[in-house]
file my_file25.tsv (TSV, C-alpha atoms)
chain	number	residue	atom	x	y	z
A	1	MET	CA	0.00	0.00	0.00
A	2	THR	CA	1.05	3.61	-0.60
A	3	THR	CA	1.47	6.47	1.87
A	4	LEU	CA	0.04	9.63	0.32
A	5	LEU	CA	0.39	13.25	1.32
A	6	ILE	CA	-2.69	15.16	0.17
A	7	LEU	CA	-2.52	18.96	0.22
A	8	GLY	CA	-5.92	20.59	0.44
A	9	ALA	CA	-7.33	17.57	2.22
A	10	THR	CA	-10.13	19.23	4.17
A	11	ALA	CA	-12.46	20.24	1.33
A	12	GLY	CA	-13.49	19.58	-2.25
A	13	ILE	CA	-11.45	17.24	-4.41
A	14	GLY	CA	-8.76	16.86	-1.74
A	15	LYS	CA	-11.20	15.59	0.85
A	16	LEU	CA	-12.73	13.16	-1.63
A	17	ALA	CA	-9.26	11.97	-2.60
A	18	CYS	CA	-8.60	11.17	1.07
A	19	GLU	CA	-11.78	9.12	1.22
A	20	GLU	CA	-10.98	7.33	-2.03
A	21	ALA	CA	-7.45	6.47	-0.92
A	22	LEU	CA	-8.60	5.18	2.46
A	23	SER	CA	-11.28	3.05	0.82
A	24	ARG	CA	-8.51	1.32	-1.14
A	25	GLY	CA	-6.41	0.64	1.95
A	26	HIS	CA	-3.76	3.33	1.46
A	27	THR	CA	-2.38	5.48	4.26
A	28	VAL	CA	-3.18	9.19	4.00
A	29	ARG	CA	-1.45	12.17	5.55
A	30	ALA	CA	-4.15	14.84	5.24
A	31	PHE	CA	-2.52	18.28	5.13
A	32	GLY	CA	-4.46	21.46	5.83
A	33	ARG	CA	-4.73	24.39	8.18
A	34	SER	CA	-7.89	22.86	9.68
A	35	ALA	CA	-6.86	19.20	9.39
A	36	GLU	CA	-7.71	18.61	13.04
A	37	THR	CA	-11.40	18.82	12.08
A	38	LEU	CA	-11.21	15.63	10.03
A	39	PRO	CA	-12.95	12.66	11.67
A	40	ALA	CA	-10.63	10.02	13.08
A	41	GLN	CA	-10.19	7.01	10.81
A	42	PRO	CA	-7.71	4.13	10.62
A	43	GLN	CA	-4.76	4.96	8.34
A	44	LEU	CA	-5.67	8.69	8.28
A	45	GLU	CA	-3.12	11.08	9.77
A	46	PRO	CA	-4.43	14.66	9.99
A	47	TRP	CA	-1.50	17.04	9.56
A	48	VAL	CA	-2.10	20.65	10.52
A	49	GLY	CA	0.03	22.94	8.42
A	50	ASP	CA	0.23	25.87	6.05
A	51	ALA	CA	1.30	25.11	2.48
A	52	LEU	CA	3.01	28.52	2.38
A	53	ASN	CA	5.31	27.46	5.23
A	54	ALA	CA	8.31	25.48	4.00
A	55	GLU	CA	8.94	23.89	7.41
A	56	ASP	CA	5.35	22.64	7.60
A	57	VAL	CA	5.62	21.13	4.13
A	58	ALA	CA	9.02	19.59	4.82
A	59	GLY	CA	7.73	17.86	7.94
A	60	ALA	CA	4.69	16.52	6.14
A	61	LEU	CA	6.83	14.96	3.41
A	62	GLU	CA	8.71	12.68	5.80
A	63	GLY	CA	8.03	9.06	4.93
A	64	VAL	CA	5.51	9.56	2.12
A	65	ASP	CA	5.57	7.86	-1.28
A	66	ALA	CA	3.63	10.40	-3.34
A	67	VAL	CA	1.98	13.80	-3.14
A	68	ILE	CA	-1.40	14.95	-4.40
A	69	TYR	CA	-1.74	18.72	-4.74
A	70	ALA	CA	-5.42	19.70	-4.52
A	71	LEU	CA	-5.30	23.19	-3.04
A	72	GLY	CA	-8.02	25.61	-4.09
A	73	ILE	CA	-9.27	29.08	-3.34
A	74	LYS	CA	-12.73	30.28	-2.42
A	75	GLU	CA	-14.47	31.96	-5.31
A	76	SER	CA	-15.30	35.60	-4.69
A	77	PRO	CA	-15.81	38.81	-6.67
A	78	ALA	CA	-12.33	39.91	-5.56
A	79	MET	CA	-10.87	37.32	-7.97
A	80	LEU	CA	-11.76	39.74	-10.77
A	81	TRP	CA	-9.14	42.27	-9.72
A	82	GLN	CA	-6.91	40.87	-6.97
A	83	GLN	CA	-3.64	39.20	-7.88
A	84	VAL	CA	-3.57	35.47	-7.08
A	85	THR	CA	-0.25	33.86	-6.15
A	86	LEU	CA	-1.26	30.95	-3.90
A	87	PHE	CA	-0.84	28.24	-6.54
A	88	SER	CA	2.59	29.30	-7.75
A	89	GLU	CA	3.95	30.12	-4.27
A	90	THR	CA	2.84	26.85	-2.70
A	91	THR	CA	4.01	24.85	-5.70
A	92	ARG	CA	7.47	26.38	-5.58
A	93	ILE	CA	7.75	25.50	-1.88
A	94	LEU	CA	6.43	21.99	-2.51
A	95	ILE	CA	8.80	21.27	-5.40
A	96	ASP	CA	11.80	22.53	-3.45
A	97	GLN	CA	10.92	20.45	-0.40
A	98	MET	CA	10.11	17.33	-2.43
A	99	GLN	CA	13.53	17.56	-4.07
A	100	GLU	CA	15.14	18.06	-0.67
A	101	LYS	CA	13.35	15.05	0.83
A	102	GLY	CA	13.75	12.78	-2.19
A	103	VAL	CA	9.99	12.40	-2.81
A	104	THR	CA	9.53	12.28	-6.59
A	105	ARG	CA	5.88	11.50	-7.40
A	106	LEU	CA	3.58	14.52	-7.73
A	107	VAL	CA	0.01	14.56	-9.03
A	108	ALA	CA	-1.22	18.15	-9.25
A	109	VAL	CA	-4.74	19.39	-9.93
A	110	THR	CA	-4.91	22.63	-11.92
A	111	GLY	CA	-7.87	23.15	-14.24
A	112	PHE	CA	-9.09	23.12	-17.82
A	113	GLY	CA	-7.93	26.37	-19.37
A	114	ALA	CA	-4.59	26.39	-17.57
A	115	GLY	CA	-1.31	26.01	-19.42
A	116	ARG	CA	-1.50	24.69	-22.93
A	117	SER	CA	-5.12	23.55	-22.45
A	118	LYS	CA	-6.10	27.21	-22.88
A	119	ALA	CA	-5.89	26.67	-26.63
A	120	ALA	CA	-8.62	24.00	-26.40
A	121	LEU	CA	-11.18	26.57	-25.22
A	122	SER	CA	-13.42	28.09	-27.86
A	123	LYS	CA	-13.09	31.82	-28.54
A	124	ILE	CA	-16.26	32.50	-26.54
A	125	GLU	CA	-15.05	30.29	-23.69
A	126	GLN	CA	-11.70	32.08	-23.68
A	127	LEU	CA	-13.36	35.48	-23.35
A	128	GLY	CA	-15.56	34.39	-20.44
A	129	HIS	CA	-12.76	32.45	-18.79
A	130	ARG	CA	-10.37	35.40	-18.97
A	131	ALA	CA	-12.98	37.82	-17.64
A	132	ILE	CA	-14.01	35.74	-14.63
A	133	LEU	CA	-11.04	33.48	-13.86
A	134	GLY	CA	-8.17	35.40	-15.43
A	135	LYS	CA	-6.27	36.09	-12.20
A	136	PRO	CA	-6.43	32.57	-10.71
A	137	TYR	CA	-5.63	30.94	-14.02
A	138	ALA	CA	-2.69	33.22	-14.69
A	139	ASP	CA	-1.27	31.81	-11.46
A	140	LYS	CA	-2.16	28.26	-12.49
A	141	ASP	CA	-0.17	28.93	-15.67
A	142	ARG	CA	2.83	29.85	-13.53
A	143	GLN	CA	2.22	26.78	-11.39
A	144	GLU	CA	2.16	24.45	-14.39
A	145	ASP	CA	5.38	25.95	-15.77
A	146	MET	CA	7.11	25.20	-12.48
A	147	ILE	CA	5.93	21.60	-12.51
A	148	LEU	CA	6.84	21.07	-16.17
A	149	ASN	CA	10.34	22.36	-15.54
A	150	SER	CA	10.92	20.31	-12.39
A	151	ASN	CA	12.71	16.95	-12.30
A	152	LEU	CA	9.82	15.29	-10.46
A	153	ASP	CA	7.72	12.39	-11.72
A	154	TRP	CA	4.76	14.67	-12.26
A	155	THR	CA	1.27	14.42	-13.66
A	156	ILE	CA	-0.80	17.57	-14.27
A	157	VAL	CA	-4.53	16.95	-13.98
A	158	ARG	CA	-7.02	19.41	-15.48
A	159	PRO	CA	-10.65	18.69	-14.65
A	160	VAL	CA	-13.34	20.40	-16.70
A	161	ILE	CA	-16.39	21.98	-15.00
A	162	LEU	CA	-16.83	20.32	-11.62
A	163	THR	CA	-20.05	18.91	-10.17
A	164	ASN	CA	-20.95	17.29	-6.85
A	165	ASN	CA	-22.45	14.22	-8.51
A	166	PRO	CA	-21.55	10.73	-7.23
A	167	LYS	CA	-18.55	8.78	-8.46
A	168	THR	CA	-19.21	6.88	-11.69
A	169	GLU	CA	-15.69	5.79	-12.76
A	170	LYS	CA	-17.05	6.37	-16.29
A	171	TYR	CA	-14.98	9.37	-17.22
A	172	HIS	CA	-12.43	10.03	-19.94
A	173	VAL	CA	-8.75	10.72	-19.42
A	174	LEU	CA	-7.94	12.87	-22.45
A	175	ARG	CA	-4.24	12.58	-23.13
A	176	ASP	CA	-4.11	13.77	-26.73
A	177	ILE	CA	-4.31	17.56	-27.13
A	178	GLY	CA	-6.56	17.01	-30.13
A	179	GLN	CA	-9.14	15.36	-27.85
A	180	TRP	CA	-9.22	18.08	-25.20
A	181	ARG	CA	-12.68	19.56	-24.71
A	182	ASN	CA	-14.81	21.21	-22.09
A	183	GLY	CA	-17.63	19.48	-20.26
A	184	LEU	CA	-18.59	18.22	-16.82
A	185	ILE	CA	-17.03	15.84	-14.32
A	186	SER	CA	-17.78	15.07	-10.70
A	187	ARG	CA	-15.26	15.87	-8.02
A	188	ALA	CA	-15.56	12.24	-6.90
A	189	ASP	CA	-14.46	10.99	-10.32
A	190	VAL	CA	-11.51	13.38	-10.27
A	191	ALA	CA	-10.54	11.98	-6.87
A	192	HIS	CA	-10.76	8.45	-8.26
A	193	TYR	CA	-8.28	9.30	-11.03
A	194	LEU	CA	-5.92	11.08	-8.61
A	195	ILE	CA	-5.53	7.94	-6.52
A	196	ASP	CA	-5.06	5.79	-9.62
A	197	ALA	CA	-2.27	8.10	-10.79
A	198	ALA	CA	-0.58	8.69	-7.44
A	199	THR	CA	-0.30	4.98	-6.66
A	200	SER	CA	1.09	3.93	-10.04
A	201	ASP	CA	3.19	5.10	-12.98
A	202	THR	CA	0.06	6.24	-14.81
A	203	ASP	CA	0.64	9.37	-16.91
A	204	ILE	CA	4.03	10.31	-15.47
A	205	GLY	CA	5.29	13.30	-17.43
A	206	HIS	CA	1.89	13.99	-18.96
A	207	ASP	CA	-0.72	16.72	-18.63
A	208	VAL	CA	-4.23	15.34	-19.00
A	209	VAL	CA	-7.78	16.64	-19.14
A	210	LEU	CA	-10.55	14.81	-17.27
A	211	ALA	CA	-14.10	14.91	-18.63
A	212	ARG	CA	-17.19	12.76	-18.39

call {"tool": "encode", "arguments": {"input": "my_file25.tsv", "output": "structure tokens"}}
result
Amino acid sequence: MTTLLILGATAGIGKLACEEALSRGHTVRAFGRSAETLPAQPQLEPWVGDALNAEDVAGALEGVDAVIYALGIKESPAMLWQQVTLFSETTRILIDQMQEKGVTRLVAVTGFGAGRSKAALSKIEQLGHRAILGKPYADKDRQEDMILNSNLDWTIVRPVILTNNPKTEKYHVLRDIGQWRNGLISRADVAHYLIDAATSDTDIGHDVVLAR
């Protein structure tokens, strides 16, 4: 079984990834500023920490086999004008500390429209995306560049529009840029793929899009 460090483990995709990993018998170190609120479970280690603090991240990396990055930000009108740096700052700290600790496997959630997947958006989608999510996705672009240029065994995961529907396991992993498209996918299905990838050699060195 694999020991996983999951950043952003207290909400959204990260929390569902914890549940998915535990259901498969893996050990999870659940990293988050409010990790102590997670219910006690066998093989779950809540780890209170701040992903912007290098010492916190370094401590959390001790003894893990792979890392899932699932940090997010709360959507608010301020995203329209305020600079976003959380994704790039935390990713730089994580990469540095992973290299220091000798942990090589990283599976990172960004989003459809980040990095080179931006070109797969239609012209209308690009206009709306830039207007509403321009600041966060500019930072996701920086984040992806850092990962691509690292020497880690990375996988970049870009879900399309997220829903809270149940897990189906009937989703598509779009690896060919010519297949990339928008659509819907449940957070639970994203979590399912993250555990598949983090516990195997699946898609090392690839950036994929997940869609139903």

call {"tool": "residues_around", "arguments": {"input": "my_file25.tsv", "residues": "stretch 49-51 of chain A", "least_positions_apart": "2", "cutoff": "12 Å", "atoms": "all atoms listed in the file", "output": "number ranges by chain"}}
result
A: 5-10, 29-36, 46-47, 53-61, 69-72, 86-95, 97

call {"tool": "closest_residue", "arguments": {"input": "my_file25.tsv", "among": "A:Ile147, A:Leu174, A:Ala188, A:Ile68", "to": "A:Leu162", "atoms": "only C-alpha atoms"}}
result
A:Ala188

call {"tool": "closest_residue", "arguments": {"input": "my_file25.tsv", "among": "A:Lys170, A:Asp196, A:Ala66, A:Lys140", "to": "A:Val103", "atoms": "only C-alpha atoms"}}
result
A:Ala66

call {"tool": "residues_around", "arguments": {"input": "my_file25.tsv", "residues": "A:Gly25", "least_positions_apart": "6", "cutoff": "9 Å", "atoms": "only C-alpha atoms", "output": "PDB file with C-alpha atoms, in the coordinates of the input"}}
result
ATOM      1  CA  MET A   1       0.000   0.000   0.000  1.00  0.00           C
ATOM      2  CA  THR A   2       1.050   3.610  -0.600  1.00  0.00           C
ATOM      3  CA  GLN A  43      -4.760   4.960   8.340  1.00  0.00           C
TER       4      GLN A  43
END

call {"tool": "closest_residue", "arguments": {"input": "my_file25.tsv", "among": "A:Asp176, A:Asp189, A:Asp203, A:Asp96", "to": "A:Arg116", "atoms": "only C-alpha atoms"}}
result
A:Asp176

call {"tool": "residues_around", "arguments": {"input": "my_file25.tsv", "residues": "A:Pro159", "least_positions_apart": "2", "cutoff": "6 Å", "atoms": "all atoms listed in the file", "output": "PyMOL selection string"}}
result
chain A and resi 111-112+209-210

call {"tool": "atom_distance", "arguments": {"input": "my_file25.tsv", "atom1": "atom CA of A:Met146", "atom2": "atom CA of A:Thr27"}}
result
27.6 Å
